[in-house]
Each structure stands twice: as C-alpha cells, then as structure tokens.
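These notes are about the structure you will find just below.
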Amino acid sequence: MDYFPVFLKLKDQPCLVVGAGEIAARKIDLLARAGAKITVIASEIGHAVASLQTTHNLTLLEKRFDPADLTEFRLVVSATDNEETNQLVAQTATERNIPVNVVDNPKLCSFIFPAIIDRSPIVAAVSSGGAAPVLARLLRAKIETVISPAYGRLAGLADSFRDKVKQHITEPAQRRIFWENAFQGAVAELVFSGREQEAQLQLEQSLLEQKQGSHVGEVYLIGAGPGAPDLLTFRALRLMQQADVVVYDRLVSAEILDLARRDAEKIYVGKQRQCHALPQEAINLLLADLAKAGKRVVRLKGGDPFIFGRGGEEIETLMQQGIPFQVVPGITAASGCATYAGIPLTHRDHAQSCTFVTGHLKDDSINLNWAQLAAPNQTIVIYMGLVGLEKICQALIAHGSPKDLPAAIVQQGTTSNQKVVTGTLETLPNKVAEQDIKPPTLVIIGTVVSLHDKLSWFQPSPLA
C-alpha cells in the first residue's frame, strides 16, 4: 500500500491551513471536528472561511505564506489555487518533518484525507491513495449504509464498562470473547433498538454470570474454497475474524489468510507428498488441545473440509473429547476450478453423472475402480492427480476409455495463477510435462472438457 492508515490525535494541537476558499473551509471543518487549534494563512480570507472563525475559534492571518510561518505546527494543509505556493508549503513542511497535504496533488502530500465514516467514537476511513477520490467517497457511502449511528452509542456503552470488565475478567482472551458476545448478542440489539438503559442492565448481568477459571473454547472447521478469497462464505469470514488461532494447510492462499484477525496466532500444518508438517493424528490432537486451553480455533482447509479434506477424522477426535465445534462448508475444488475453467461438470449432451476421486499415489500405485471410471457419459474429477497423471490416463485407456477422450488439468483454479491445459487421455500427460504446472491442480476427464474453448470466461491477471 502507498499510504499507511493512521489515526492522529489532533485535539488542542496547532494545525495550519494555507488558503481560505471553499475547499479550505471543508478541510478546516474536518480538522475542527477532531479538536484541532487551527491557524489560517491566506492573501484573502473568503466568506466560507470567515464564517467559521467564531464557530471553530480560528486564527486568521491575511498575508502571503512565508516559510518562517511554519513553526510548531503538528500538521499542514495547503488548499490554494497557486501552484508555487502549494509547492513552497509542501517543500517547507517536508524539510521540517511536518505532515503535509496539498489538496488534489498527491505527489506533494505526505498524508491524504480519506473519506470518513464518523460514528464517534467509532471512526472508519476509506482511501484510494489519491488515485480515485470519487470512488473512495462512493465506497464510504456504501459502508455508511451498513454502519448504523447506533454503533457509536454501543461503543460509548462499552467504554463506560471497560474498567469494570477488565477488573472482573483478568484473562485477555476471555475478555475479548466477553466483548464479542456483547457486541453480537442481546446487548447490541437493545442499543440498536434504542433501549440503552436495558442494554446497560443486560451488560451488568452478563458480567455477573461470567465465571473465572477453566473455559473450553471451540473449533471452527472451515472450507476456504478453491483459492479466490471472495469465494469464502459470509459465515467463514465472520468466524475467521473472531478466532484466536488459525490452523491452516498449504492450499490456503495468503490472501485468504490475511482475512483472519490480525493478532490471531497462525499455525501451519500443511501436508505435501512425502512431506508432512504434522501427521494427521497430531493435527487432530492439536485442535483439541488448543480448544481445551480456551481458544477459539479456526481449522482452515482448502476447498471443502469433507471432500478429501479429512475433516471427518478431525471432528471425530473433537467429539470424543467433548470439544464444541462447527463445520462451515466451502466451495470444493471440483466445482470452483471447473467453473472458472469453463468446463461444466454435467451437461445434457455430455455427462449425466460426475465422480470425484483422489489420484494421490501411495507406494507408487493408484487403487481405483477403473472399470467404473472408464464408463461413458460421465465426468471424472481427480484431486491430487498431477504426479500420477500418466498412470491414470494409461489405466483408463487399458480399461476401455477411448484414447481421444478429452481431458484437462487446471492449475491453481480461480486465482490469478490459473492455467488450463487441455488434451486427450493420450496427449495430456506429454502436454503437462512440457509446461511448468504447479500444484494444487485438478484433473477433469470427459467430453465436457471439449466445451472449454467455447465456454471459457475467466481471464486470470495479476489483479484478479
């Protein structure tokens, strides 16, 4: 990012605005809302700024800007239509390490004004880094529709209870859970409906009922989908953002991991062929142990946890040990990758059924029902089939599948690194060998693959 988002405390701090037109008046109003002590320097004081003098207790200096004016100010804004003045203000402020904003000139700015959503004490800001301020304002408008003014009153109620809760609940993790329950439960609903006195009583009651001591957490088994972060479900995102620990595998993209709570502990337990960070049994016990320690644990898996994700094994352990858990389905790789590759898994003219199998090699062999897989009018989807692709194609041909049966491999489907290679059972292994295909991959076999050229719609790019 080009600008690091920071909220500055400007209450009673000296700030300078150079210029006194309509734009300067808007910047003055924003700074005044933050409690700044504002000095205005301009060759001519416009009516809009003059009308703010009494309201905001402005110091007005009707003169040209001089570098000697820039003393002991915490922040400077230049809002003139004179390019030389704007450059002089920016240069002087930069030399003196004072944050400076030159309106509509990002190149001269060390900070920029975001589009602000003010629900004090809750404040949110949206910025495009000066690239598209109108777009930032449009996004602000969208956000304002979902952040009720009541959130400010809810934050105020929480502030009045903050010391009491900290004294009563000494463990930080348990305090966080207490507040999350309050902000997502009855207390919040009472505030939103205007019943703030009842909300205060409810918060008091919740605090009385809070028990110190042992507390069992919960495990959220979440399917992260095939790779694109915007294919996560709403529930998955909500649970990820309240988890204390995220246990994730190698199929979870960095973009998806970034959506978890920033301060959550992240534990990698990824498994690759012949290289397991942790054996499955150890992962099962890890989830249980973390929950017993009172943690809310997200077990984040690529695709869907119940389709070749060994999710069933993990919740068996949790059930045996009495650990609360939830399972959140994800878009499995077969559906996500095939869709983004323009290959329908079923089609009236091509396939009336679809079979999911794993091509993971064990002891250099693949034990599948080849006769069933070689039957016509179906689609075969093979997870983890890259390494054994040649043997898979040979076995299908040996059991009756035509050599020219269309087949495809999809690399890192739904992401900017997606690559689709198509061919036939006879030609696909050699085509794949000639290219630098990287896992995770998905193999699709059947006449539906012939529709790829016609139905392909997703064009991956670095910005996808």
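The way I read the labels, and the way they are meant: chains A, B, ... in the order of the structure tokens, residue 1 as the first residue of every chain, and ligand 1 as the first ligand shown, with later ones counted on from there.
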
Contacts of Ala228 (chain A) at 12 Å or less, counting only C-alpha atoms, minus same-chain residues fewer than 5 places along, as an MDAnalysis selection string?
chainID A and resid 233 251:257 259 302:303 330:333 336:337 340 412:418 460 463:464

Non-local contacts of Ala173 (chain A) (10 Å; only C-alpha atoms; under 4 positions in same chain excluded) as a list in words
Ile169, Ile177, Phe178, Asp244, Gly294, Lys295 and Arg296 of chain A

Between CA of Arg299 (chain A) and CA of Ala338 (chain A), what distance in Å does the model show, to one decimal?
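It comes out at 25.0 Å.
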
Counting only C-alpha atoms, which residue out of A:Thr422, A:Arg162, A:Ala243, A:Gln321 sits closest to Arg262 (chain A)?
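The closest residue to Arg262 (chain A) is A:Ala243.
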
Write down as a PyMOL selection string the residues of region 106-172 of chain A whose backbone DSSP state falls under strand (DSSP E or B).
chain A and resi 115-119+122-126

Using only C-alpha atoms, the residue out of A:Ala115, A:Ala374, A:Glu72, A:Gln352 with shortest distance to Ala136 (chain A) is A:Ala115

Determine, counting only C-alpha atoms, which protein, DNA and RNA residues have an atom within 7 Å of an atom of region 8-24 of chain A; residues of the same chain fewer than 5 positions away are not included. Present the result as a compact mmCIF listing (two decimals) with N, CA and C atoms, in the first residue's frame.
```txt
# COMPACT_ATOMS: atom_id res chain seq x y z
N ALA A 34 -11.99 17.22 14.85
CA ALA A 34 -11.03 16.45 15.63
C ALA A 34 -10.45 17.26 16.79
N GLY A 35 -10.92 18.51 16.96
CA GLY A 35 -10.49 19.31 18.10
C GLY A 35 -9.21 20.10 17.88
N ALA A 36 -8.78 20.26 16.63
CA ALA A 36 -7.52 20.95 16.34
C ALA A 36 -7.64 22.46 16.59
N LYS A 37 -6.52 23.09 16.96
CA LYS A 37 -6.42 24.55 17.05
C LYS A 37 -5.88 25.03 15.71
N ILE A 38 -6.69 25.75 14.95
CA ILE A 38 -6.40 25.97 13.53
C ILE A 38 -6.01 27.42 13.27
N THR A 39 -4.89 27.57 12.57
CA THR A 39 -4.47 28.86 12.04
C THR A 39 -4.64 28.84 10.53
N VAL A 40 -5.18 29.93 9.97
CA VAL A 40 -5.38 30.03 8.53
C VAL A 40 -4.55 31.18 8.00
N ILE A 41 -3.77 30.91 6.96
CA ILE A 41 -2.99 31.94 6.28
C ILE A 41 -3.46 32.02 4.83
N ALA A 42 -3.83 33.23 4.39
CA ALA A 42 -4.27 33.42 3.00
C ALA A 42 -4.17 34.88 2.64
N GLU A 44 -6.21 36.40 0.90
CA GLU A 44 -7.56 36.95 1.03
C GLU A 44 -8.44 35.90 1.71
N ILE A 45 -9.12 36.27 2.78
CA ILE A 45 -9.97 35.35 3.53
C ILE A 45 -11.35 35.32 2.89
N GLY A 46 -11.73 34.15 2.36
CA GLY A 46 -13.03 34.01 1.73
C GLY A 46 -14.16 33.97 2.75
N ALA A 48 -16.55 31.77 3.16
CA ALA A 48 -16.80 30.47 3.77
C ALA A 48 -15.91 30.24 4.98
N VAL A 49 -14.64 30.66 4.88
CA VAL A 49 -13.70 30.50 6.00
C VAL A 49 -13.99 31.53 7.08
N PHE A 73 3.85 23.69 14.22
CA PHE A 73 2.58 23.10 13.78
C PHE A 73 2.73 21.58 13.68
N ARG A 74 1.68 20.89 14.09
CA ARG A 74 1.69 19.42 14.03
C ARG A 74 1.31 18.90 12.66
N LEU A 75 0.59 19.72 11.88
CA LEU A 75 0.05 19.25 10.60
C LEU A 75 -0.25 20.48 9.75
N VAL A 76 -0.06 20.33 8.42
CA VAL A 76 -0.25 21.45 7.50
C VAL A 76 -1.09 21.00 6.31
N VAL A 77 -2.01 21.88 5.90
CA VAL A 77 -2.81 21.65 4.69
C VAL A 77 -2.66 22.86 3.79
N SER A 78 -2.34 22.62 2.54
CA SER A 78 -2.29 23.71 1.56
C SER A 78 -3.45 23.54 0.60
N ALA A 79 -4.33 24.54 0.57
CA ALA A 79 -5.55 24.45 -0.25
C ALA A 79 -5.71 25.71 -1.08
N THR A 80 -4.64 26.06 -1.77
CA THR A 80 -4.70 27.25 -2.62
C THR A 80 -4.76 26.82 -4.08
```

Would you work out the distance separating CA of Gly423 (chain A) from CA of Ala407 (chain A), expressed in Å to one decimal?
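That distance, rounded to one decimal, is 5.4 Å.
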
Quick one, how far is CA of Asn181 (chain A) from CA of Gln242 (chain A)?
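Pair CA of Asn181 (chain A) / CA of Gln242 (chain A) returns 10.4 Å.
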
Those in region 361-426 of chain A with alpha helix (DSSP H) from DSSP, as a list in words:
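Alpha helix (DSSP H) assignments inside region 361-426 of chain A correspond to Trp370, Ala371, Gln372, Leu373, Leu389, Glu390, Lys391, Ile392, Cys393, Gln394, Ala395, Leu396, Ile397 and Ala398 of chain A.
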
Got time to write the residues from that selection, N, CA and C atoms, as a PDB file, in the first residue's frame?
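Saved the output as again.pdb:
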```pdb
ATOM      1  N   TRP A 370     -11.248 -48.834 -11.849  1.00  0.00           N
ATOM      2  CA  TRP A 370     -11.020 -48.364 -13.215  1.00  0.00           C
ATOM      3  C   TRP A 370     -12.173 -48.710 -14.156  1.00  0.00           C
ATOM      4  N   ALA A 371     -12.748 -49.859 -13.973  1.00  0.00           N
ATOM      5  CA  ALA A 371     -13.852 -50.252 -14.862  1.00  0.00           C
ATOM      6  C   ALA A 371     -15.021 -49.276 -14.734  1.00  0.00           C
ATOM      7  N   GLN A 372     -15.309 -48.878 -13.510  1.00  0.00           N
ATOM      8  CA  GLN A 372     -16.399 -47.920 -13.298  1.00  0.00           C
ATOM      9  C   GLN A 372     -16.024 -46.547 -13.853  1.00  0.00           C
ATOM     10  N   LEU A 373     -14.785 -46.131 -13.651  1.00  0.00           N
ATOM     11  CA  LEU A 373     -14.356 -44.818 -14.118  1.00  0.00           C
ATOM     12  C   LEU A 373     -14.272 -44.743 -15.635  1.00  0.00           C
ATOM     13  N   LEU A 389      -0.546 -38.528 -13.169  1.00  0.00           N
ATOM     14  CA  LEU A 389      -1.379 -38.288 -14.345  1.00  0.00           C
ATOM     15  C   LEU A 389      -1.151 -39.326 -15.447  1.00  0.00           C
ATOM     16  N   GLU A 390       0.092 -39.633 -15.749  1.00  0.00           N
ATOM     17  CA  GLU A 390       0.373 -40.582 -16.840  1.00  0.00           C
ATOM     18  C   GLU A 390      -0.210 -41.957 -16.527  1.00  0.00           C
ATOM     19  N   LYS A 391      -0.041 -42.453 -15.309  1.00  0.00           N
ATOM     20  CA  LYS A 391      -0.565 -43.769 -14.930  1.00  0.00           C
ATOM     21  C   LYS A 391      -2.089 -43.778 -14.957  1.00  0.00           C
ATOM     22  N   ILE A 392      -2.700 -42.649 -14.533  1.00  0.00           N
ATOM     23  CA  ILE A 392      -4.163 -42.563 -14.543  1.00  0.00           C
ATOM     24  C   ILE A 392      -4.688 -42.679 -15.969  1.00  0.00           C
ATOM     25  N   CYS A 393      -4.100 -41.924 -16.881  1.00  0.00           N
ATOM     26  CA  CYS A 393      -4.555 -41.952 -18.275  1.00  0.00           C
ATOM     27  C   CYS A 393      -4.345 -43.340 -18.894  1.00  0.00           C
ATOM     28  N   GLN A 394      -3.206 -43.939 -18.607  1.00  0.00           N
ATOM     29  CA  GLN A 394      -2.931 -45.282 -19.146  1.00  0.00           C
ATOM     30  C   GLN A 394      -3.926 -46.309 -18.614  1.00  0.00           C
ATOM     31  N   ALA A 395      -4.249 -46.223 -17.330  1.00  0.00           N
ATOM     32  CA  ALA A 395      -5.188 -47.186 -16.736  1.00  0.00           C
ATOM     33  C   ALA A 395      -6.578 -47.027 -17.321  1.00  0.00           C
ATOM     34  N   LEU A 396      -7.023 -45.816 -17.546  1.00  0.00           N
ATOM     35  CA  LEU A 396      -8.348 -45.602 -18.123  1.00  0.00           C
ATOM     36  C   LEU A 396      -8.414 -46.151 -19.553  1.00  0.00           C
ATOM     37  N   ILE A 397      -7.356 -45.925 -20.335  1.00  0.00           N
ATOM     38  CA  ILE A 397      -7.320 -46.453 -21.704  1.00  0.00           C
ATOM     39  C   ILE A 397      -7.319 -47.980 -21.679  1.00  0.00           C
ATOM     40  N   ALA A 398      -6.556 -48.549 -20.742  1.00  0.00           N
ATOM     41  CA  ALA A 398      -6.483 -50.014 -20.638  1.00  0.00           C
ATOM     42  C   ALA A 398      -7.824 -50.633 -20.252  1.00  0.00           C
TER      43      ALA A 398
END
```

Which of A:Ala125, A:Pro324, A:Gln200, A:Ala150 sits closest to Val216 (chain A) [using only C-alpha atoms]:
A:Pro324
